[in-house]
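The structure appears below as structure tokens.
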Amino acid sequence: MTSPAPAAEPLLSDERSPVPLGRTPVTRRLGGSIPTWPLIATKHLELRKRRGLMITVAVMIIGPTVLVMGLRLAFHLFDPARNGPAGDPSVFAALANLMAEFGFIAAAVVGAAAATTDRSDGVFRYLVITGRSRLALYLARIPAGLAILIPALAVAFTLLCLVTAYQAVPQPTTVSMDNGISIPANFDQAELQTWLRQHPAAAAQAFQPGPGPGGSTKFGPGAPTGVPKIATAFSDYTSAEDSQFNPPPNEMFKIGLWLSLEVGIGFLVGLGLGSLTGQRTLSAILLIGLEIIVTPILARVQIPYFLDGQRLDVGVAMDQLRPAALAPANPGGPGGPGPGGLLFGGRGALGIPPMPTWAMISVIVGWIVVWSVLGAWRMMTRDA
């Protein structure tokens with residue numbers, strides 16, 4: 001009797017089943033590093049449930065506008081003879097600058113909290129074990145945090161705009177310049193040059209142009225046509241007009257975009273720094289010091305041989321981008337150096353030579369990209 005022939009062994013070239021029997025095939029989902037909506041919603045809910053954080057956002061972003069405008073409306077309601085309308089260009093500029101200052105700080109605190117809560121609560125390990133992409137975990141924090149900050153900023157700024165628009169003082173007919181000199185409003189450059197030549201004594205006091213050719217003022221009757229000084233004078237005139245008049249809707253829209261960018265930068269830098277250090281308190285303290293101490297000094301005082309280094313600060317770039325209605329043309333001119341001077345409530349116009357537009361944009365984009373990359377890299381390489 002012959003034994004059965006042994007079964008032939010499968011060749012390496014034979015096709016094998018890619019999935020073992022009894023198991024469900026697992027397919028790799030494209031875009032695994034992109035955060036899903038449930039992941040974003042979960043992080044957003046986690047941040048919203050932190051009452052201390054939400055109180056901080058409400059007090060720092062919404063609180064000043066509600067308090068100041070509420071008091072001004074109440075004072076005008078009960079004693080309109082002694083208290084003017086609540087809306088005022090100087091109050092609008094002061095509150096918008098304060099909103100930018102406190103908004104950056106609140107955004108930095110929220111960003112640092114969003115970067116460290118998973119680790120401090122001890123859930124980061126379990127999120128990694130589930131197989132979620134670490135990059136997706138980091139990116140989910142961006143819309144989750146901005147969904148808290150931007151609505152709060154929108155509420156405060158909308159209230160400010162409504163009170164300024166509907167409870168505003170009458171628009172002035174003149175623009176107040178240096179030494180109390182008043183110039184009729186709504187001049188274009190040619191009309192302003194004509195007025196200055198007709199009033200040389202007032203022009204010298206309003207703009208202090210200095211001696212021109214032949215010892216006469218550049219705006220005097222004998223001044224040459226098209227002197228470069230008229231462009232500077234017109235810039236000062238329009239900036240003073242913006243700061244003294246109620247801002248039009250298009251200017252309010254630009255200010256709102258600028259405030260949103262300020263808050264967004266604060267959040268992204270706080271998120272990146274918090275992820276890099278792993279310490280919420282340390283990150284918040286560093287960014288608060290940057291905003292209220294370091295940046296104002298760099299923006300107002302020119303340090304010898306360090307001008308390019310000063311311009312690398314994102315706060316200096318944002319100061320240069322600040323809308324005209326929030327920053328007077330000259331720190332010593334009408335409106336002063338901006339509400340709050342060096343600390344709190346706005347830094348006013350730059351006290352250092354401005355950088356080129358491309359450099360300003362590069363600094364802003366660079367801070368956003370660099371801190372986001374550093375934060376994401378740290379989260380991807382951190383031990384669970």
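Labels for the structure tokens follow display order: chains A, B, ..., residues from 1 in each chain, ligands from 1.
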
- Near A:Leu47, within 9 Å and counting only C-alpha atoms, which residues show up once chain neighbours fewer than 4 positions away are dropped, as a PyMOL selection string? chain A and resi 42-43+51+53-54+110+113-114+117+144-145+148

Store the residues picked out above in a file with N, CA, C and O atoms, as an mmCIF file, in the first residue's frame.
data_model
loop_
_atom_site.group_PDB
_atom_site.id
_atom_site.type_symbol
_atom_site.label_atom_id
_atom_site.label_comp_id
_atom_site.auth_asym_id
_atom_site.auth_seq_id
_atom_site.Cartn_x
_atom_site.Cartn_y
_atom_site.Cartn_z
ATOM 1 N N THR A 42 -14.967 67.747 21.305
ATOM 2 C CA THR A 42 -14.595 67.251 22.638
ATOM 3 C C THR A 42 -13.615 68.201 23.320
ATOM 4 O O THR A 42 -13.751 68.515 24.511
ATOM 5 N N LYS A 43 -12.616 68.668 22.583
ATOM 6 C CA LYS A 43 -11.654 69.606 23.167
ATOM 7 C C LYS A 43 -12.320 70.928 23.510
ATOM 8 O O LYS A 43 -12.015 71.554 24.538
ATOM 9 N N ARG A 51 -14.420 76.552 34.462
ATOM 10 C CA ARG A 51 -15.087 77.807 34.806
ATOM 11 C C ARG A 51 -14.098 78.945 35.018
ATOM 12 O O ARG A 51 -14.354 80.078 34.608
ATOM 13 N N LEU A 53 -11.265 79.426 33.599
ATOM 14 C CA LEU A 53 -10.785 79.893 32.299
ATOM 15 C C LEU A 53 -11.832 80.732 31.602
ATOM 16 O O LEU A 53 -11.526 81.781 31.023
ATOM 17 N N MET A 54 -13.097 80.306 31.664
ATOM 18 C CA MET A 54 -14.161 81.059 31.021
ATOM 19 C C MET A 54 -14.408 82.401 31.711
ATOM 20 O O MET A 54 -14.686 83.413 31.055
ATOM 21 N N VAL A 110 -5.580 80.953 27.371
ATOM 22 C CA VAL A 110 -6.388 79.865 26.814
ATOM 23 C C VAL A 110 -5.512 78.921 25.994
ATOM 24 O O VAL A 110 -5.658 77.688 26.068
ATOM 25 N N ALA A 113 -3.477 76.772 28.308
ATOM 26 C CA ALA A 113 -4.334 75.765 28.943
ATOM 27 C C ALA A 113 -4.690 74.651 27.966
ATOM 28 O O ALA A 113 -4.680 73.466 28.318
ATOM 29 N N ALA A 114 -5.010 75.019 26.726
ATOM 30 C CA ALA A 114 -5.363 74.008 25.732
ATOM 31 C C ALA A 114 -4.201 73.061 25.445
ATOM 32 O O ALA A 114 -4.413 71.884 25.129
ATOM 33 N N THR A 117 -3.727 70.796 29.250
ATOM 34 C CA THR A 117 -4.764 70.168 30.074
ATOM 35 C C THR A 117 -4.734 68.639 29.966
ATOM 36 O O THR A 117 -4.919 67.946 30.980
ATOM 37 N N ALA A 144 -10.809 74.644 18.463
ATOM 38 C CA ALA A 144 -11.508 74.541 19.747
ATOM 39 C C ALA A 144 -11.280 75.785 20.597
ATOM 40 O O ALA A 144 -12.209 76.305 21.229
ATOM 41 N N GLY A 145 -10.058 76.273 20.632
ATOM 42 C CA GLY A 145 -9.768 77.469 21.419
ATOM 43 C C GLY A 145 -10.279 78.740 20.769
ATOM 44 O O GLY A 145 -10.836 79.623 21.452
ATOM 45 N N ILE A 148 -13.856 79.750 21.285
ATOM 46 C CA ILE A 148 -14.174 80.406 22.550
ATOM 47 C C ILE A 148 -13.792 81.884 22.503
ATOM 48 O O ILE A 148 -14.550 82.755 22.958
#

- Message: DSSP on the backbone: which residues in stretch 242-383 of chain A end up as alpha helix (DSSP H)? Give the answer as a PyMOL selection string.
- Response: chain A and resi 242-244+249-277+280-289+295-300+307-310+314-321+357-381

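Minimum atom-to-atom distance to A:Leu312, evaluated using only C-alpha atoms, belongs to A:Gly366 out of A:Gly122, A:Gly366, A:Gly87, A:Gly375.
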
- Tell me, in Å to one decimal, how far atom CA of A:Trp367 is from atom CA of A:Val314. 6.8 Å

Each stretch 109-169 of chain A residue no farther than 10 Å from stretch 242-266 of chain A, nearest pair in Å, only C-alpha atoms, as CSV:
residue,atom,partner,partner_atom,distance
A:Val109,CA,A:Gly266,CA,8.5
A:Val110,CA,A:Gly266,CA,9.0
A:Gly111,CA,A:Gly266,CA,7.7
A:Ala112,CA,A:Gly266,CA,9.9
A:Ile142,CA,A:Gly264,CA,9.3
A:Gly145,CA,A:Gly264,CA,9.5
A:Leu146,CA,A:Gly264,CA,7.2
A:Leu149,CA,A:Val263,CA,7.5
A:Ile150,CA,A:Ser260,CA,6.9
A:Leu153,CA,A:Ser260,CA,7.5
A:Ala154,CA,A:Gly256,CA,8.1
A:Phe157,CA,A:Gly256,CA,7.2
A:Thr158,CA,A:Gly256,CA,9.0
A:Leu160,CA,A:Met252,CA,9.9
A:Cys161,CA,A:Met252,CA,7.2
A:Thr164,CA,A:Asn246,CA,7.3
A:Ala165,CA,A:Asn246,CA,7.6
A:Ala168,CA,A:Asn246,CA,7.4
A:Val169,CA,A:Asn246,CA,8.1

Filtering to C-alpha atoms, could you give me those residues as a CSV table (one decimal), in the first residue's frame?
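Everything below was put into again_26.csv:
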chain,number,residue,atom,x,y,z
A,109,VAL,CA,-3.8,81.9,28.8
A,110,VAL,CA,-6.4,79.9,26.8
A,111,GLY,CA,-3.7,78.6,24.4
A,112,ALA,CA,-1.4,77.5,27.2
A,142,ILE,CA,-6.7,75.5,17.3
A,145,GLY,CA,-9.8,77.5,21.4
A,146,LEU,CA,-10.6,80.1,18.8
A,149,LEU,CA,-12.1,83.5,22.0
A,150,ILE,CA,-13.5,84.9,18.7
A,153,LEU,CA,-14.3,89.3,21.1
A,154,ALA,CA,-17.2,89.7,18.7
A,157,PHE,CA,-16.5,94.8,19.9
A,158,THR,CA,-20.0,94.7,18.5
A,160,LEU,CA,-18.5,99.0,21.4
A,161,CYS,CA,-19.4,99.7,17.8
A,164,THR,CA,-20.2,104.5,19.4
A,165,ALA,CA,-22.4,104.6,16.3
A,168,ALA,CA,-22.0,109.3,19.5
A,169,VAL,CA,-21.1,112.9,20.0

Please, which residues in stretch 152-187 of chain A fall within 8 Å of stretch 192-208 of chain A when counting only C-alpha atoms, and what is the closest atom pair and distance in Å to one decimal for each, ordered by chain then residue number, as a tab-separated table?
residue	atom	partner	partner_atom	distance
A:Met177	CA	A:Ala206	CA	5.4
A:Asp178	CA	A:Ala206	CA	4.7
A:Asn179	CA	A:Ala206	CA	6.2
A:Gly180	CA	A:Ala206	CA	7.6
A:Ile181	CA	A:Ala206	CA	5.6
A:Phe187	CA	A:Leu192	CA	5.6

- Message: Which residues are close to A:Ala299, i.e. within 7 Å by only C-alpha atoms, leaving aside same-chain residues fewer than 5 positions away? Reply as a VMD selection string.
- Response: chain A and resid 316 350 to 352

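Secondary structure from DSSP on the backbone puts strand (DSSP E) at the following positions of stretch 56-243 of chain A: Thr174, Val175, Ser176, Ser182, Ile183 and Pro184 of chain A.
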
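Candidate residues A:Val155, A:Ile34, A:Val163, A:Ile129 were compared for distance to A:Gly70, and the nearest is A:Val163, using only C-alpha atoms.
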
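Considering the residues A:Lys49, A:Arg125, A:Arg72, A:Arg311 and counting only C-alpha atoms, A:Pro353 has its shortest atom-to-atom contact with A:Arg311.
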